[in-house]
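First up is the structure itself, then whatever we jot down about it.
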Amino acid sequence: MVNQPGNYISALEDFRHERRMAALQEILGRITGKPVRLLSYSDISTRLKLEGASERGLQEIPIDAIVGSVGRYSDFTRSFLPRRDKDAERWARVKSATSSQLGLPPIEVYKIGDAYFVRDGHHRVSVARQQKTDRIQAYVTEVRTKVPLTPDISPDELILKSEYADLLERTHIDDILPDLNLNLTVPGSYRDIEEHIQVHCYYMGVEQRREIPFHEAVRHWYENVYLPVIQTIRERGVLREFPGRTESDLYLWISVHRGLLEKELGWHIRSGVAAASLAAEKSPRLIRVAQRIRNRLIDRLIPDQLEDNPTPGAWIQSQNIPGSCLFLDILVPLSGEEVSWNALEQALILSSCSGSQVNGLHVVAEGEETERSQAQAIKNRFEQRCLSAGIQGTLSFASGEISRQVVNRAPYNDLVVLNIAHPPGSRILDRFGSGLRTIIRRCARPILAVPGKTSPMDRLLLAYDGSLKANEALFVSTYFAGKMGIPFTVLTVIEPGKTTARTLQHALGYLEARGVAAEYVSATGPADEAILKTAQERDSNFILMGGYGFSPVVEAVLGSSVDRILREAEVPVLICQ
């Protein structure tokens, strides 16, 4: 029955059709770059460092999981279409036999991970696929490897698997940390991981003045370097910003990005800051790409003085670390003039209460250079003041327009502390030309504006009008009251069409729900007058409030409560964006 002419001739015609499909598949593969050849078992065994085999007996295996061959990987495509005309007779006999009562014997395969490689029975697999059979009988020999293999593996993935196997063979990191998953998606990255560990081992030895065993360095690197970054990635949801990538990919990218930022900015950069910056600058998500295009267009087309505020509350969302210090990094611009040092003194007072680090910044105009002696004097004074206060501080230098430099560097910090040397004037042109006003409008972080003298910042007045920015100030007030134990007063100025008694009740409910006690005051009349008057009456030594609420042009023409408070306040003013 196997040699019935009708069955055999029909099988030959099927073979010719499969050969045409194989040729077409190879053409499409060259166009798309998608692999169409079977994997070589010999190549895989060399790459993945196979470690012995075990007989698993007769099993029914999924045909789609058969991806390679022992010895005949060039005779068939990845989907087992025949590539050689000389196989026509054999293929047709096998196809004819599938219709007979004799049937076909099981094939023989090696199993590596979830993928199978044919030892014997290539034509049977090809015919079974042509008949759209899902599963096939096979004698299975399972080959052990430390690196898992899947049926859908691509050439790049195979290179990565090979690199991973090499890493494990050299370092035995899987024996030291059995649960560690170091899956990467970029060829060459496993060498980078190994270099990170070796560098960490070197500096451990320098610090501890002894030879560090490799296994000890691996554990220390994992617990103190790798794992904290992975935890940051998870807390901030950074993996969502890079579809198709792994946590280990992001560990490497954040480490590189952090190094570049530290070199550019001259400050120590936390992993969370580097992760947020990487997502903003490199994420391929459409919304991120659109944001980057929008920001570039705004930067080129709209003068700084007319740019609008960042999205209210964006800074709070970027924190994403409940219960942590709210101001881990404080930016302090220093002009070198005596009055500018008030901002540093105020930052040091705040840092001593919150455990922050201070990032100083001295900016000179484009094309100018600070004299070496002057720059060194500023640096020495900055470092001496930080050292005396027991605060970690680093001063960096930059050139360009001062307000732009401050705004560009603010996102790498949690708070900007500025001296009120030149507050916004009372006239329209003065307001338009105010650098302080431009920084406050454009800055993506809260601003602490410091007048001619510093304050212990231990009696707070919160000016609350129910706006989005005032709600951010309300959030910050809970930090000062709860974590730092500062008593405070909440003031709502009743203004028709804007604020009512219910506005004050909202603040009361918010604070009570968080176990924060405060005094509540309502007033009428111009908001700026009420805020300044209440601060004086309550002996408040700093004011917390929301920033500008209208467009830059409207604010400049009509004036703002923020401007007057900056001109007349005798205590620091913390402005939330």
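Letters A, B, ... go to the chains of the structure tokens in the order shown; residues in each chain start at 1; ligands are counted from 1 in the same order.
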**OP:** Using DSSP on the backbone coordinates, identify all residues within region 51-188 of chain A classified as strand (DSSP E); present the result as number ranges by chain.
**Re:** A: 53-62, 66-69, 107-112, 115-120, 135-143
Please produce a file of the residues just selected, as a short mmCIF file (atom, residue, chain, number, x, y, z; two decimals), in the first residue's frame, where the atoms kept are N, CA and C atoms.
data_model
loop_
_atom_site.label_atom_id
_atom_site.label_comp_id
_atom_site.auth_asym_id
_atom_site.auth_seq_id
_atom_site.Cartn_x
_atom_site.Cartn_y
_atom_site.Cartn_z
N ALA A 53 23.46 14.35 29.69
CA ALA A 53 22.14 14.04 29.17
C ALA A 53 21.48 12.93 29.96
N SER A 54 20.13 12.88 29.84
CA SER A 54 19.34 11.83 30.50
C SER A 54 18.25 11.36 29.54
N GLU A 55 18.05 10.05 29.46
CA GLU A 55 16.99 9.50 28.62
C GLU A 55 15.64 9.74 29.28
N ARG A 56 14.68 10.29 28.52
CA ARG A 56 13.34 10.56 29.04
C ARG A 56 12.27 9.67 28.42
N GLY A 57 12.70 8.75 27.53
CA GLY A 57 11.77 7.79 26.96
C GLY A 57 10.86 8.37 25.89
N LEU A 58 9.80 7.61 25.57
CA LEU A 58 8.87 8.00 24.52
C LEU A 58 7.89 9.05 25.05
N GLN A 59 7.78 10.17 24.32
CA GLN A 59 6.89 11.25 24.70
C GLN A 59 6.20 11.80 23.46
N GLU A 60 5.11 12.50 23.69
CA GLU A 60 4.45 13.25 22.61
C GLU A 60 4.87 14.70 22.76
N ILE A 61 5.57 15.24 21.78
CA ILE A 61 6.13 16.58 21.92
C ILE A 61 5.48 17.53 20.92
N PRO A 62 5.45 18.85 21.22
CA PRO A 62 4.88 19.82 20.28
C PRO A 62 5.80 20.03 19.09
N ILE A 66 10.18 22.12 17.87
CA ILE A 66 11.34 21.53 17.20
C ILE A 66 12.00 22.63 16.36
N VAL A 67 13.21 23.05 16.76
CA VAL A 67 13.83 24.22 16.13
C VAL A 67 15.19 23.92 15.52
N GLY A 68 15.71 22.68 15.69
CA GLY A 68 17.05 22.41 15.20
C GLY A 68 17.26 20.98 14.81
N SER A 69 18.49 20.73 14.41
CA SER A 69 18.81 19.40 13.87
C SER A 69 20.22 19.00 14.27
N ILE A 107 10.12 9.65 16.08
CA ILE A 107 11.39 10.29 15.77
C ILE A 107 12.26 10.26 17.03
N GLU A 108 13.51 10.70 16.90
CA GLU A 108 14.43 10.79 18.03
C GLU A 108 14.92 12.23 18.15
N VAL A 109 14.90 12.77 19.36
CA VAL A 109 15.26 14.19 19.53
C VAL A 109 16.10 14.37 20.79
N TYR A 110 16.88 15.46 20.77
CA TYR A 110 17.49 16.00 21.98
C TYR A 110 16.62 17.17 22.46
N LYS A 111 16.47 17.30 23.76
CA LYS A 111 15.72 18.41 24.34
C LYS A 111 16.68 19.29 25.14
N ILE A 112 16.69 20.60 24.80
CA ILE A 112 17.48 21.58 25.54
C ILE A 112 16.53 22.67 26.00
N ALA A 115 13.25 23.55 23.91
CA ALA A 115 13.44 23.38 22.47
C ALA A 115 13.95 21.97 22.17
N TYR A 116 13.62 21.47 20.95
CA TYR A 116 13.99 20.12 20.54
C TYR A 116 14.83 20.16 19.27
N PHE A 117 15.77 19.18 19.19
CA PHE A 117 16.65 19.05 18.03
C PHE A 117 16.53 17.62 17.51
N VAL A 118 16.27 17.47 16.21
CA VAL A 118 16.01 16.15 15.62
C VAL A 118 17.30 15.38 15.39
N ARG A 119 17.37 14.19 15.97
CA ARG A 119 18.48 13.27 15.68
C ARG A 119 18.14 12.38 14.49
N ASP A 120 16.93 11.87 14.49
CA ASP A 120 16.49 10.98 13.41
C ASP A 120 15.00 11.24 13.17
N ARG A 135 1.34 17.61 17.29
CA ARG A 135 2.26 16.88 18.16
C ARG A 135 2.75 15.62 17.44
N ILE A 136 3.88 15.10 17.91
CA ILE A 136 4.48 13.93 17.27
C ILE A 136 5.15 13.06 18.34
N GLN A 137 5.15 11.76 18.12
CA GLN A 137 5.79 10.82 19.04
C GLN A 137 7.31 10.91 18.86
N ALA A 138 8.02 10.93 20.02
CA ALA A 138 9.49 11.06 19.93
C ALA A 138 10.15 10.42 21.13
N TYR A 139 11.32 9.78 20.89
CA TYR A 139 12.18 9.34 21.96
C TYR A 139 13.04 10.54 22.35
N VAL A 140 12.93 10.94 23.61
CA VAL A 140 13.54 12.20 24.05
C VAL A 140 14.76 11.94 24.92
N THR A 141 15.85 12.62 24.58
CA THR A 141 17.04 12.67 25.43
C THR A 141 17.21 14.12 25.88
N GLU A 142 17.09 14.36 27.19
CA GLU A 142 17.19 15.73 27.70
C GLU A 142 18.63 16.06 28.05
N VAL A 143 19.10 17.18 27.50
CA VAL A 143 20.47 17.63 27.72
C VAL A 143 20.45 18.82 28.68
#
With only C-alpha atoms counted and 10 Å as the cut-off, give the residues of region 369-478 of chain A in contact with region 534-541 of chain A, each with its shortest interatomic distance in Å and the pair that gives it, as CSV.
residue,atom,partner,partner_atom,distance
A:Thr454,CA,A:Asn541,CA,9.2
A:Ser455,CA,A:Asn541,CA,6.2
A:Pro456,CA,A:Asn541,CA,7.3
A:Met457,CA,A:Asn541,CA,5.7
A:Asp458,CA,A:Asn541,CA,6.8
A:Arg459,CA,A:Ser540,CA,4.9
A:Leu460,CA,A:Ser540,CA,5.4
A:Leu461,CA,A:Ser540,CA,5.8
A:Leu462,CA,A:Ala535,CA,9.4
A:Ala463,CA,A:Thr534,CA,9.7
Next, dump the selected residues to file, keeping only N, CA and C atoms, as a PDB file, in the first residue's frame.
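The resulting file, result32.pdb, is shown below:
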ATOM      1  N   THR A 454      18.349  84.427  57.301  1.00  0.00           N
ATOM      2  CA  THR A 454      17.881  83.042  57.349  1.00  0.00           C
ATOM      3  C   THR A 454      16.880  82.854  58.480  1.00  0.00           C
ATOM      4  N   SER A 455      16.285  81.665  58.518  1.00  0.00           N
ATOM      5  CA  SER A 455      15.248  81.361  59.494  1.00  0.00           C
ATOM      6  C   SER A 455      15.422  79.926  59.976  1.00  0.00           C
ATOM      7  N   PRO A 456      15.081  79.654  61.239  1.00  0.00           N
ATOM      8  CA  PRO A 456      15.127  78.260  61.708  1.00  0.00           C
ATOM      9  C   PRO A 456      14.041  77.392  61.085  1.00  0.00           C
ATOM     10  N   MET A 457      13.046  78.016  60.437  1.00  0.00           N
ATOM     11  CA  MET A 457      11.972  77.293  59.742  1.00  0.00           C
ATOM     12  C   MET A 457      11.271  76.302  60.669  1.00  0.00           C
ATOM     13  N   ASP A 458      10.851  76.786  61.829  1.00  0.00           N
ATOM     14  CA  ASP A 458      10.169  75.896  62.775  1.00  0.00           C
ATOM     15  C   ASP A 458       8.759  76.372  63.138  1.00  0.00           C
ATOM     16  N   ARG A 459       8.254  77.411  62.454  1.00  0.00           N
ATOM     17  CA  ARG A 459       6.864  77.844  62.630  1.00  0.00           C
ATOM     18  C   ARG A 459       6.317  78.215  61.263  1.00  0.00           C
ATOM     19  N   LEU A 460       5.451  77.380  60.743  1.00  0.00           N
ATOM     20  CA  LEU A 460       5.023  77.451  59.345  1.00  0.00           C
ATOM     21  C   LEU A 460       3.652  78.096  59.194  1.00  0.00           C
ATOM     22  N   LEU A 461       3.531  78.928  58.149  1.00  0.00           N
ATOM     23  CA  LEU A 461       2.221  79.422  57.710  1.00  0.00           C
ATOM     24  C   LEU A 461       1.949  78.864  56.322  1.00  0.00           C
ATOM     25  N   LEU A 462       0.859  78.095  56.188  1.00  0.00           N
ATOM     26  CA  LEU A 462       0.436  77.566  54.893  1.00  0.00           C
ATOM     27  C   LEU A 462      -0.682  78.438  54.349  1.00  0.00           C
ATOM     28  N   ALA A 463      -0.449  79.048  53.192  1.00  0.00           N
ATOM     29  CA  ALA A 463      -1.485  79.825  52.506  1.00  0.00           C
ATOM     30  C   ALA A 463      -2.188  78.881  51.536  1.00  0.00           C
TER      31      ALA A 463
END
Subject >> Selected residue, from A:Ala165, A:Ala11, A:Ile173, A:Val186, that lies nearest to Gln130 (chain A) when counting only C-alpha atoms >> reply: A:Ala11
Do you have, as JSON lines, the list of residues of region 437-527 of chain A lying at most 10 Å from region 400-417 of chain A, each with its nearest atom pair and that distance in Å to one decimal, counting only C-alpha atoms and ordered by chain then number?
{"residue": "A:Arg437", "atom": "CA", "partner": "A:Ser403", "partner_atom": "CA", "distance": 9.3}
{"residue": "A:Thr438", "atom": "CA", "partner": "A:Ser403", "partner_atom": "CA", "distance": 6.9}
{"residue": "A:Ile439", "atom": "CA", "partner": "A:Ser403", "partner_atom": "CA", "distance": 5.6}
{"residue": "A:Ile440", "atom": "CA", "partner": "A:Val407", "partner_atom": "CA", "distance": 8.7}
{"residue": "A:Arg441", "atom": "CA", "partner": "A:Val407", "partner_atom": "CA", "distance": 9.5}
{"residue": "A:Arg442", "atom": "CA", "partner": "A:Val407", "partner_atom": "CA", "distance": 6.6}
{"residue": "A:Cys443", "atom": "CA", "partner": "A:Val407", "partner_atom": "CA", "distance": 5.1}
{"residue": "A:Ala444", "atom": "CA", "partner": "A:Pro411", "partner_atom": "CA", "distance": 6.1}
{"residue": "A:Arg445", "atom": "CA", "partner": "A:Leu415", "partner_atom": "CA", "distance": 5.7}
{"residue": "A:Pro446", "atom": "CA", "partner": "A:Leu415", "partner_atom": "CA", "distance": 5.3}
{"residue": "A:Ile447", "atom": "CA", "partner": "A:Val416", "partner_atom": "CA", "distance": 4.9}
{"residue": "A:Leu448", "atom": "CA", "partner": "A:Val417", "partner_atom": "CA", "distance": 4.6}
{"residue": "A:Ala449", "atom": "CA", "partner": "A:Val417", "partner_atom": "CA", "distance": 6.0}
{"residue": "A:Val450", "atom": "CA", "partner": "A:Val417", "partner_atom": "CA", "distance": 7.2}
Would you output that residue set with C-alpha atoms, as a CSV table (one decimal), in the first residue's frame?
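Done, and the output landed in result.csv:
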chain,number,residue,atom,x,y,z
A,437,ARG,CA,10.2,85.1,38.4
A,438,THR,CA,11.2,83.2,35.3
A,439,ILE,CA,12.8,80.5,37.5
A,440,ILE,CA,9.8,80.2,39.7
A,441,ARG,CA,7.4,79.9,36.6
A,442,ARG,CA,9.5,77.4,34.7
A,443,CYS,CA,11.1,75.3,37.5
A,444,ALA,CA,9.9,71.7,37.9
A,445,ARG,CA,10.7,71.7,41.6
A,446,PRO,CA,9.6,73.7,44.6
A,447,ILE,CA,11.5,76.9,45.2
A,448,LEU,CA,12.5,78.2,48.6
A,449,ALA,CA,13.1,81.9,48.2
A,450,VAL,CA,15.3,83.4,51.0
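Between Arg258 (chain A) and the residues A:Gly272, A:Pro178, A:Gly336, A:Pro572, the shortest atom-to-atom distance, using only C-alpha atoms, involves A:Gly272.
Distance annotation: of A:Ile254, A:Ala290, A:Ala501, A:Tyr8, the residue with the minimal separation from Ser277 (chain A) is A:Ile254; atom set is only C-alpha atoms.
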